[in-house]
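File shown: data-v3.tsv. Contents: TSV, C-alpha atoms.
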```
chain	number	residue	atom	x	y	z
A	1	MET	CA	83.85	31.72	167.72
A	2	SER	CA	80.24	30.67	168.40
A	3	ILE	CA	77.40	33.16	168.11
A	4	HIS	CA	76.79	32.84	171.85
A	5	LYS	CA	80.39	33.78	172.69
A	6	HIS	CA	80.26	36.56	170.11
A	7	LEU	CA	77.20	38.00	171.80
A	8	ILE	CA	78.89	37.90	175.20
A	9	ASN	CA	82.05	39.59	173.94
A	10	THR	CA	80.10	42.18	172.01
A	11	SER	CA	77.93	42.91	175.03
A	12	SER	CA	81.07	43.40	177.17
A	13	ASN	CA	82.52	45.82	174.65
A	14	CYS	CA	79.25	47.76	174.63
A	15	LYS	CA	79.35	48.05	178.43
A	16	LEU	CA	82.93	49.27	178.26
A	17	GLU	CA	82.11	51.92	175.70
A	18	ASN	CA	79.07	53.05	177.67
A	19	GLY	CA	81.29	53.44	180.74
A	20	LYS	CA	83.65	55.68	178.80
A	21	LYS	CA	80.70	57.73	177.57
A	22	ASN	CA	79.58	58.43	181.14
A	23	ARG	CA	83.02	59.74	182.05
A	24	ARG	CA	82.87	62.16	179.11
A	25	SER	CA	79.30	63.29	179.73
A	26	PHE	CA	80.23	66.96	179.25
A	27	ILE	CA	80.73	66.30	175.52
A	28	PRO	CA	77.54	66.56	173.41
A	29	PHE	CA	76.28	62.97	173.38
A	30	PHE	CA	75.52	62.71	169.72
A	31	HIS	CA	79.00	63.90	168.74
A	32	THR	CA	80.96	61.37	170.81
A	33	ALA	CA	82.77	58.34	169.47
A	34	SER	CA	81.18	56.49	172.37
A	35	PHE	CA	77.72	57.12	170.98
A	36	LYS	CA	78.79	55.84	167.58
A	37	ASN	CA	80.38	52.79	169.16
A	38	SER	CA	77.22	52.14	171.18
A	39	ILE	CA	75.14	52.22	168.01
A	40	THR	CA	77.64	49.90	166.34
A	41	CYS	CA	77.42	47.50	169.28
A	42	LEU	CA	73.64	47.49	169.10
A	43	ILE	CA	73.73	46.80	165.36
A	44	ILE	CA	76.19	43.92	165.88
A	45	LEU	CA	74.07	42.50	168.68
A	46	PHE	CA	70.91	42.72	166.59
A	47	SER	CA	72.63	41.18	163.56
A	48	ALA	CA	74.01	38.31	165.64
A	49	VAL	CA	70.59	37.60	167.17
A	50	MET	CA	68.94	37.70	163.76
A	51	THR	CA	71.64	35.44	162.28
A	52	ASN	CA	71.18	32.94	165.10
A	53	ALA	CA	67.40	33.00	164.64
A	54	GLN	CA	67.79	32.53	160.90
A	55	THR	CA	70.21	29.63	161.43
A	56	ASP	CA	67.74	27.92	163.77
A	57	ALA	CA	64.91	28.53	161.31
A	58	ASP	CA	66.92	27.01	158.45
A	59	PHE	CA	67.86	24.01	160.58
A	60	ARG	CA	64.26	23.48	161.69
A	61	LYS	CA	63.18	23.57	158.03
A	62	ILE	CA	65.61	20.72	157.28
A	63	LEU	CA	64.32	18.76	160.28
A	64	HIS	CA	60.72	19.47	159.29
A	65	ASP	CA	61.31	18.06	155.81
A	66	ARG	CA	63.03	14.99	157.27
A	67	SER	CA	60.13	14.48	159.68
A	68	ALA	CA	57.55	14.83	156.90
A	69	LYS	CA	59.13	11.95	154.97
A	70	ILE	CA	58.69	9.69	157.99
A	71	ILE	CA	55.18	10.87	158.90
A	72	ASN	CA	54.01	10.48	155.30
A	73	THR	CA	54.31	6.71	155.75
A	74	LEU	CA	51.61	6.81	158.45
A	75	GLU	CA	48.87	7.84	156.02
A	76	ILE	CA	47.25	10.35	158.40
A	77	ALA	CA	44.17	11.81	156.69
A	78	ASP	CA	43.45	14.56	159.23
A	79	SER	CA	45.60	17.57	158.26
A	80	GLU	CA	45.63	19.03	161.78
A	81	LYS	CA	46.76	15.74	163.29
A	82	TYR	CA	49.29	15.29	160.46
A	83	ASN	CA	50.90	18.69	161.09
A	84	HIS	CA	50.84	18.15	164.85
A	85	VAL	CA	52.78	14.88	164.58
A	86	ILE	CA	55.30	16.41	162.15
A	87	ASN	CA	55.90	19.23	164.64
A	88	LEU	CA	56.35	16.71	167.47
A	89	LEU	CA	59.03	14.89	165.50
A	90	THR	CA	60.69	18.12	164.36
A	91	ASP	CA	60.87	19.36	167.95
A	92	GLN	CA	62.30	16.02	169.07
A	93	TYR	CA	65.05	16.14	166.45
A	94	PHE	CA	65.84	19.76	167.35
A	95	ASN	CA	65.98	19.12	171.10
A	96	LEU	CA	68.09	15.97	170.71
A	97	ASN	CA	70.54	17.94	168.59
A	98	LYS	CA	70.83	20.66	171.26
A	99	VAL	CA	71.70	18.08	173.92
A	100	GLN	CA	74.22	16.32	171.68
A	101	ASP	CA	75.90	19.57	170.64
A	102	LYS	CA	76.09	20.90	174.20
A	103	THR	CA	77.75	17.68	175.37
A	104	LYS	CA	80.27	17.79	172.53
A	105	GLU	CA	81.15	21.39	173.43
A	106	SER	CA	81.54	20.53	177.11
A	107	ILE	CA	83.77	17.54	176.38
A	108	ALA	CA	85.86	19.59	173.94
A	109	ALA	CA	86.33	22.21	176.68
A	110	ILE	CA	87.41	19.51	179.15
A	111	ASN	CA	89.88	18.06	176.65
A	112	SER	CA	91.41	21.51	176.17
A	113	LEU	CA	92.25	21.76	179.88
A	114	GLN	CA	95.55	20.64	181.37
A	115	LEU	CA	94.09	17.87	183.50
A	116	ALA	CA	95.43	14.55	184.67
A	117	GLY	CA	94.08	11.63	182.67
A	118	GLU	CA	92.03	10.27	185.54
A	119	GLU	CA	90.43	13.64	186.33
A	120	LYS	CA	89.71	14.31	182.67
A	121	SER	CA	88.01	10.93	182.33
A	122	ARG	CA	85.97	11.62	185.46
A	123	GLN	CA	84.69	14.95	184.15
A	124	ILE	CA	83.90	13.51	180.73
A	125	LYS	CA	81.98	10.67	182.38
A	126	ILE	CA	79.92	13.23	184.29
A	127	GLU	CA	79.03	15.01	181.04
A	128	GLU	CA	78.10	11.73	179.36
A	129	GLU	CA	75.87	10.83	182.31
A	130	LYS	CA	74.17	14.23	182.10
A	131	LYS	CA	73.57	13.66	178.41
A	132	ALA	CA	72.14	10.19	178.99
A	133	ALA	CA	69.72	11.54	181.59
A	134	GLN	CA	68.58	14.37	179.34
A	135	LEU	CA	68.15	12.08	176.34
A	136	SER	CA	66.16	9.61	178.43
A	137	GLU	CA	63.84	12.38	179.60
A	138	LEU	CA	63.33	13.63	176.04
A	139	HIS	CA	62.73	10.08	174.81
A	140	LYS	CA	60.06	9.30	177.41
A	141	GLY	CA	58.29	12.61	176.84
A	142	PHE	CA	58.32	12.12	173.07
A	143	ILE	CA	56.89	8.60	173.24
A	144	ALA	CA	54.18	9.76	175.68
A	145	LYS	CA	53.11	12.50	173.24
A	146	LEU	CA	53.01	10.04	170.35
A	147	GLN	CA	50.96	7.55	172.37
A	148	ALA	CA	48.37	10.26	173.03
A	149	THR	CA	47.91	10.75	169.28
A	150	LEU	CA	48.90	7.63	167.33
A	151	THR	CA	48.41	3.87	167.27
A	152	GLY	CA	51.14	1.46	168.32
A	153	GLU	CA	51.73	0.48	164.71
A	154	GLN	CA	52.20	4.10	163.67
A	155	ILE	CA	54.67	4.70	166.49
A	156	GLU	CA	56.65	1.65	165.36
A	157	LYS	CA	56.90	3.19	161.89
A	158	ILE	CA	58.24	6.44	163.36
A	159	LYS	CA	60.85	4.55	165.39
A	160	ASP	CA	61.91	2.63	162.29
A	161	GLY	CA	62.01	5.84	160.25
A	162	MET	CA	64.23	7.58	162.80
A	163	THR	CA	66.68	4.64	162.69
A	164	TYR	CA	66.62	3.87	158.94
A	165	ARG	CA	64.81	0.53	159.54
A	166	VAL	CA	68.09	-1.01	160.72
A	167	MET	CA	66.29	-3.11	163.33
A	168	GLN	CA	64.00	-4.81	160.81
A	169	VAL	CA	66.74	-5.28	158.22
A	170	THR	CA	69.15	-6.75	160.76
A	171	TYR	CA	66.60	-9.08	162.31
A	172	THR	CA	65.57	-10.39	158.89
A	173	ALA	CA	69.24	-10.92	158.03
A	174	TYR	CA	69.83	-13.04	161.15
A	175	LEU	CA	66.81	-15.21	160.35
A	176	ASP	CA	68.01	-15.65	156.79
A	177	MET	CA	71.60	-16.34	157.83
A	178	ILE	CA	70.87	-18.96	160.51
A	179	LEU	CA	67.94	-21.10	159.47
A	180	THR	CA	68.02	-23.25	162.62
A	181	LEU	CA	67.43	-20.52	165.21
A	182	THR	CA	65.09	-21.56	168.02
A	183	ILE	CA	62.12	-19.47	169.13
A	184	GLU	CA	64.01	-18.44	172.27
A	185	GLN	CA	67.05	-17.38	170.24
A	186	LYS	CA	64.88	-15.38	167.83
A	187	GLU	CA	63.22	-13.60	170.75
A	188	LYS	CA	66.57	-12.66	172.29
A	189	ILE	CA	67.85	-11.29	168.99
A	190	TYR	CA	64.64	-9.33	168.40
A	191	ASN	CA	64.56	-7.85	171.90
A	192	TRP	CA	68.21	-6.78	171.76
A	193	LEU	CA	67.66	-5.08	168.41
A	194	LYS	CA	64.54	-3.41	169.77
A	195	GLU	CA	66.56	-2.09	172.71
A	196	ALA	CA	69.21	-0.85	170.29
A	197	ARG	CA	66.56	0.99	168.29
A	198	GLU	CA	65.32	2.87	171.37
A	199	LEU	CA	68.86	4.12	172.03
A	200	ALA	CA	69.64	4.83	168.37
A	201	MET	CA	66.55	7.05	168.12
A	202	ASP	CA	68.27	9.56	170.40
A	203	GLU	CA	71.55	9.75	168.48
A	204	GLY	CA	72.16	12.74	166.26
A	205	SER	CA	73.82	11.27	163.18
A	206	SER	CA	73.44	8.24	160.93
A	207	GLU	CA	76.94	7.12	161.92
A	208	ASP	CA	76.16	7.24	165.64
A	209	LYS	CA	72.87	5.40	165.13
A	210	HIS	CA	74.68	2.59	163.28
A	211	LYS	CA	77.30	2.46	166.04
A	212	VAL	CA	74.57	1.65	168.56
A	213	PHE	CA	73.31	-1.22	166.42
A	214	GLY	CA	76.88	-2.37	165.84
A	215	LYS	CA	77.40	-2.67	169.59
A	216	TYR	CA	74.28	-4.80	169.96
A	217	LYS	CA	75.13	-6.95	166.94
A	218	GLY	CA	78.40	-7.75	168.70
A	219	ARG	CA	76.41	-8.81	171.75
A	220	ILE	CA	74.12	-10.98	169.60
A	221	ASN	CA	77.04	-12.65	167.82
A	222	ASN	CA	78.71	-13.45	171.14
A	223	TYR	CA	75.46	-14.94	172.41
A	224	LEU	CA	75.01	-17.08	169.29
A	225	SER	CA	78.60	-18.29	169.61
A	226	THR	CA	77.82	-19.52	173.13
A	227	GLN	CA	74.83	-21.33	171.62
A	228	GLY	CA	77.16	-23.37	169.42
A	229	TYR	CA	77.02	-21.39	166.18
A	230	ASN	CA	80.21	-20.63	164.27
A	231	MET	CA	79.34	-17.16	163.00
A	232	LYS	CA	82.02	-17.11	160.30
A	233	VAL	CA	80.78	-20.39	158.86
A	234	GLU	CA	77.14	-19.26	159.10
A	235	GLU	CA	77.86	-15.99	157.33
A	236	LYS	CA	79.87	-17.70	154.60
A	237	GLY	CA	77.01	-20.11	153.91
A	238	TRP	CA	74.55	-17.22	153.92
A	239	GLN	CA	76.55	-15.20	151.40
A	240	GLN	CA	76.69	-18.26	149.13
A	241	ARG	CA	72.91	-18.67	149.31
A	242	ILE	CA	72.45	-15.01	148.45
A	243	LYS	CA	74.65	-15.41	145.35
A	244	GLU	CA	72.68	-18.48	144.30
A	245	ARG	CA	69.38	-16.64	144.70
A	246	GLU	CA	70.63	-13.68	142.68
A	247	ALA	CA	71.84	-16.04	139.93
A	248	ALA	CA	68.46	-17.78	139.88
A	249	LYS	CA	66.68	-14.42	139.54
A	250	LYS	CA	68.79	-13.52	136.52
A	251	ILE	CA	68.00	-16.86	134.90
A	252	ASP	CA	64.27	-16.40	135.52
A	253	ALA	CA	64.41	-12.84	134.17
A	254	GLY	CA	66.07	-14.08	130.98
A	255	LYS	CA	63.36	-16.65	130.26
```

Could the structure of this file be written out as structure tokens, please?
Amino acid sequence: MSIHKHLINTSSNCKLENGKKNRRSFIPFFHTASFKNSITCLIILFSAVMTNAQTDADFRKILHDRSAKIINTLEIADSEKYNHVINLLTDQYFNLNKVQDKTKESIAAINSLQLAGEEKSRQIKIEEEKKAAQLSELHKGFIAKLQATLTGEQIEKIKDGMTYRVMQVTYTAYLDMILTLTIEQKEKIYNWLKEARELAMDEGSSEDKHKVFGKYKGRINNYLSTQGYNMKVEEKGWQQRIKEREAAKKIDAGK
């Protein structure tokens, strides 16, 4: 049971016990079981609130440490500005997580209902659309705050840090794999990966971030296939070149 549900149930029990106490008002208040139960309810409520607060504090500490690793790459000398940007990123991570978790809970609740497949899909789609709108709002607000404080280059580093530099690594891999790409083809690949990065920034887990890039890599491969490239052949040739380079490095290291 979630802490939120626990609080609701505990609160209901407290109300019930308080109602019983009123009906037995002729009994000395401090001697009644109702009074003891009321105190117990208050203790449980307080403990649950404190536990929830502690859990959030612990989670924020983890997010703060993760944010610091990314912000450290920006080389911000001003301590006030440095802490401000770390807090911006920590808040963004925390708020994104709340939206993701709430959507997962809502979809799990829908899946638990006895609904026809079509109706279930409709309700899940509504929840996904709500999530997309909320994530988009958070994303725009976050970027606007960064733009008020940082340079474009620094913001790029934050975006790469939030997505494990998958965009840069993938783009470099395509250039290395297909040596005959035209300028137009390179631009399309770069722009698609850039779009993927914007979406991946809002995902909550490493796995989900990589899924976004995987979807766009599929789009890129399909596009390159229409441009006359055999992707299996290109990849095979690329892997062979990588092996040859690694072998050459070992030879050079042994000299």

CA of Met177 (chain A) to CA of Thr73 (chain A), distance in Å rounded to a single decimal: 28.9 Å

Polymer residues at most 9 Å from Lys209 (chain A), all atoms listed in the file, same-chain spacing of 5 or more positions, as a VMD selection string: chain A and resid 163 to 164 196 to 197 199 to 204 214

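Residue neighbourhood of Lys102 (chain A), excluding near-sequence residues (fewer than 6 positions): Asn95, Leu96, Ala108, Ala109, Glu127, Glu128, Lys130, Lys131 and Gln134 of chain A, at 12 Å, using only C-alpha atoms.
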
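The residue that comes closest to Ser67 (chain A), out of A:Lys145, A:Lys125, A:Arg241, A:Lys159 and on the basis of all atoms listed in the file, is A:Lys159.
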
Who sits within 8 Å of region 193-195 of chain A, all atoms listed in the file, same chain under 3 positions skipped, as a list in words: Met167, Thr170, Tyr171, Ile189, Tyr190, Glu198, Leu199, Phe213, Tyr216 and Lys217 of chain A

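A straight line drawn from CA of Ala253 (chain A) to CA of Arg165 (chain A) is 28.7 Å long.
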
CA of Leu150 (chain A) to CA of Asp101 (chain A), distance in Å rounded to a single decimal: 29.7 Å

Close residues, Asn87 (chain A) itself excluded, 12 Å, all atoms listed in the file, min 5 positions apart in chain, as a VMD selection string: chain A and resid 60 to 61 63 to 68 70 to 71 80 to 82 92 to 95 142 145 to 146

Pick from A:Leu181, A:Ile110, A:Leu175, A:Val166, whichever lies nearest to Gln227 (chain A) using all atoms listed in the file: A:Leu181

Residue among A:Asn111, A:Gln185, A:Ser121, A:Asn191 lying closest to Thr226 (chain A), counting all atoms listed in the file: A:Gln185

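Among the candidates A:Ile126, A:Glu244, A:Thr90, A:Glu75, the one nearest to Ala57 (chain A) when counting all atoms listed in the file is A:Thr90.
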
Could you rebuild region 185-200 of chain A with N, CA and C atoms and give me the result as a PDB file, in the frame of the given file?
```pdb
ATOM      1  N   GLN A 185      65.945 -18.129 170.828  1.00  0.00           N
ATOM      2  CA  GLN A 185      67.050 -17.380 170.240  1.00  0.00           C
ATOM      3  C   GLN A 185      66.541 -16.212 169.388  1.00  0.00           C
ATOM      4  N   LYS A 186      65.481 -16.437 168.637  1.00  0.00           N
ATOM      5  CA  LYS A 186      64.880 -15.380 167.830  1.00  0.00           C
ATOM      6  C   LYS A 186      64.370 -14.237 168.721  1.00  0.00           C
ATOM      7  N   GLU A 187      63.752 -14.608 169.830  1.00  0.00           N
ATOM      8  CA  GLU A 187      63.220 -13.600 170.750  1.00  0.00           C
ATOM      9  C   GLU A 187      64.333 -12.753 171.352  1.00  0.00           C
ATOM     10  N   LYS A 188      65.442 -13.398 171.728  1.00  0.00           N
ATOM     11  CA  LYS A 188      66.570 -12.660 172.290  1.00  0.00           C
ATOM     12  C   LYS A 188      67.142 -11.683 171.271  1.00  0.00           C
ATOM     13  N   ILE A 189      67.309 -12.146 170.045  1.00  0.00           N
ATOM     14  CA  ILE A 189      67.850 -11.290 168.990  1.00  0.00           C
ATOM     15  C   ILE A 189      66.921 -10.097 168.749  1.00  0.00           C
ATOM     16  N   TYR A 190      65.627 -10.384 168.662  1.00  0.00           N
ATOM     17  CA  TYR A 190      64.640  -9.330 168.400  1.00  0.00           C
ATOM     18  C   TYR A 190      64.624  -8.300 169.526  1.00  0.00           C
ATOM     19  N   ASN A 191      64.623  -8.762 170.755  1.00  0.00           N
ATOM     20  CA  ASN A 191      64.560  -7.850 171.900  1.00  0.00           C
ATOM     21  C   ASN A 191      65.820  -6.996 172.021  1.00  0.00           C
ATOM     22  N   TRP A 192      66.974  -7.568 171.728  1.00  0.00           N
ATOM     23  CA  TRP A 192      68.210  -6.780 171.760  1.00  0.00           C
ATOM     24  C   TRP A 192      68.198  -5.698 170.668  1.00  0.00           C
ATOM     25  N   LEU A 193      67.726  -6.062 169.489  1.00  0.00           N
ATOM     26  CA  LEU A 193      67.660  -5.080 168.410  1.00  0.00           C
ATOM     27  C   LEU A 193      66.621  -3.998 168.705  1.00  0.00           C
ATOM     28  N   LYS A 194      65.565  -4.380 169.367  1.00  0.00           N
ATOM     29  CA  LYS A 194      64.540  -3.410 169.770  1.00  0.00           C
ATOM     30  C   LYS A 194      65.113  -2.427 170.789  1.00  0.00           C
ATOM     31  N   GLU A 195      65.899  -2.936 171.715  1.00  0.00           N
ATOM     32  CA  GLU A 195      66.560  -2.090 172.710  1.00  0.00           C
ATOM     33  C   GLU A 195      67.545  -1.150 172.027  1.00  0.00           C
ATOM     34  N   ALA A 196      68.263  -1.677 171.038  1.00  0.00           N
ATOM     35  CA  ALA A 196      69.210  -0.850 170.290  1.00  0.00           C
ATOM     36  C   ALA A 196      68.487   0.280 169.565  1.00  0.00           C
ATOM     37  N   ARG A 197      67.316  -0.033 169.013  1.00  0.00           N
ATOM     38  CA  ARG A 197      66.560   0.990 168.290  1.00  0.00           C
ATOM     39  C   ARG A 197      66.143   2.133 169.201  1.00  0.00           C
ATOM     40  N   GLU A 198      65.730   1.815 170.428  1.00  0.00           N
ATOM     41  CA  GLU A 198      65.320   2.870 171.370  1.00  0.00           C
ATOM     42  C   GLU A 198      66.475   3.829 171.650  1.00  0.00           C
ATOM     43  N   LEU A 199      67.682   3.279 171.775  1.00  0.00           N
ATOM     44  CA  LEU A 199      68.860   4.120 172.030  1.00  0.00           C
ATOM     45  C   LEU A 199      69.277   4.872 170.771  1.00  0.00           C
ATOM     46  N   ALA A 200      69.218   4.206 169.635  1.00  0.00           N
ATOM     47  CA  ALA A 200      69.640   4.830 168.370  1.00  0.00           C
ATOM     48  C   ALA A 200      68.740   5.994 167.988  1.00  0.00           C
TER      49      ALA A 200
END
```
